[in-house]
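The block underneath contains the structure these notes are about, expressed in structure tokens.
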Amino acid sequence: MDSQAFVPTAVSDGTVLIELGRSLDNNNAEDLVRAITGAQAHGSKYIVLDCQRLEFISSAGVGAILGTIDASRDQGGDIVLCQVPETVAQVFRVLDLWDFLTILGARQEALAACRTR
């Protein structure tokens with residue numbers, strides 16, 4: 001279990017960054033949903049999830065991401081994942097979500113993509 005709190009950090013107008021911990025599962029998925037929906041409610045169209053430290057994602061973690069994407073996309077934004085480790089990327093591929101999700105490489109690439117959209 002990863003006890004890290006998900007704290008959105010404003011990085012530009014309409015974009016926030018959330019750093020994920022080692023695991024995203026039923027112990028903390030709802031915390032991530034609250035962090036994302038709170039940022040969306042305060043006008044953030046783009047949510048960048050930095051997955052650099054993420055080692056494990058459960059179905060609850062995947063559901064937390066999928067359950068919040070439409071709100072961002074409906075506002076003309078998106079939830080962008082970056083620095084996704086191969087083990088987590090494989091989960092998204094197996095679930096056939098790789099093309100549905102917006103997944104970019106480095107954090108700066110993800111933040112730049114949010115500015116140019």
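Every chain in the structure tokens has a letter given in the order shown (A, B, ...), and although residue numbers restart at 1 in each chain, ligands are simply numbered from 1 in the order shown.
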- Spatial neighbours of segment 8-19 of chain A, 10 Å, only C-alpha atoms, chain gap at least 6 places, as a ChimeraX atom specification: /A:32,35-36,38-40,42-54,77-82,107,110-111,114-115
- Would you list, as a count of residues only, the residues of segment 25-65 of chain A that end up in helix (DSSP H, G or I) under DSSP run on this structure's backbone? 20
- Nearest to Gly21 of chain A, chosen from A:Ala113, A:Leu95, A:Val7, A:Ile65, with only C-alpha atoms counted in the distances: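 Closest to Gly21 of chain A, using only C-alpha atoms: A:Val7.
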- Mind checking which residues fall within 8 Å of Ala29 of chain A, counting only C-alpha atoms, ignoring those fewer than 3 positions away in the same chain, and posting them as a list of chain:residue names?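 Neighbouring residues, sequence-local ones excluded: A:Leu24, A:Asp25, A:Asn26, A:Leu32, A:Val33, A:Ala60, A:Gly61, A:Ala64.
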Selection file, N, CA and C atoms, as a PDB file, in the first residue's frame:
```
ATOM      1  N   LEU A  24      -1.309   1.917  -7.280  1.00  0.00           N
ATOM      2  CA  LEU A  24      -2.625   2.529  -7.437  1.00  0.00           C
ATOM      3  C   LEU A  24      -3.609   1.370  -7.423  1.00  0.00           C
ATOM      4  N   ASP A  25      -4.301   1.230  -6.299  1.00  0.00           N
ATOM      5  CA  ASP A  25      -5.156   0.064  -6.109  1.00  0.00           C
ATOM      6  C   ASP A  25      -6.373   0.435  -5.271  1.00  0.00           C
ATOM      7  N   ASN A  26      -7.074  -0.572  -4.771  1.00  0.00           N
ATOM      8  CA  ASN A  26      -8.307  -0.302  -4.026  1.00  0.00           C
ATOM      9  C   ASN A  26      -8.060   0.462  -2.726  1.00  0.00           C
ATOM     10  N   LEU A  32      -7.377   9.167  -5.478  1.00  0.00           N
ATOM     11  CA  LEU A  32      -7.001   9.748  -6.764  1.00  0.00           C
ATOM     12  C   LEU A  32      -8.219  10.349  -7.456  1.00  0.00           C
ATOM     13  N   VAL A  33      -9.337   9.653  -7.407  1.00  0.00           N
ATOM     14  CA  VAL A  33     -10.568  10.192  -8.004  1.00  0.00           C
ATOM     15  C   VAL A  33     -10.911  11.537  -7.374  1.00  0.00           C
ATOM     16  N   ALA A  60      -8.996  -1.358  -9.823  1.00  0.00           N
ATOM     17  CA  ALA A  60      -9.528  -0.153  -9.175  1.00  0.00           C
ATOM     18  C   ALA A  60      -8.750   1.081  -9.616  1.00  0.00           C
ATOM     19  N   GLY A  61      -7.447   0.948  -9.770  1.00  0.00           N
ATOM     20  CA  GLY A  61      -6.629   2.057 -10.241  1.00  0.00           C
ATOM     21  C   GLY A  61      -6.950   2.429 -11.677  1.00  0.00           C
ATOM     22  N   ALA A  64     -10.190   4.229 -11.689  1.00  0.00           N
ATOM     23  CA  ALA A  64     -10.092   5.615 -11.224  1.00  0.00           C
ATOM     24  C   ALA A  64      -9.720   6.539 -12.374  1.00  0.00           C
TER      25      ALA A  64
END
```
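Going from atom CA of Asn27 of chain A to atom CA of Asp99 of chain A covers 26.9 Å.
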- Message: If you run DSSP on the backbone here, which positions in segment 49-105 of chain A get strand (DSSP E or B)? Please write them as a PyMOL selection string.
- Response: chain A and resi 49-50+56-57+78-82+102-104
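Considering only C-alpha atoms, the residue among A:Ala41, A:Leu101, A:Ala89, A:Val84 positioned nearest to Leu66 of chain A is A:Leu101.
One distance worth recording is that between atom CA of Gly105 of chain A and atom CA of Arg34 of chain A, which is 25.1 Å.
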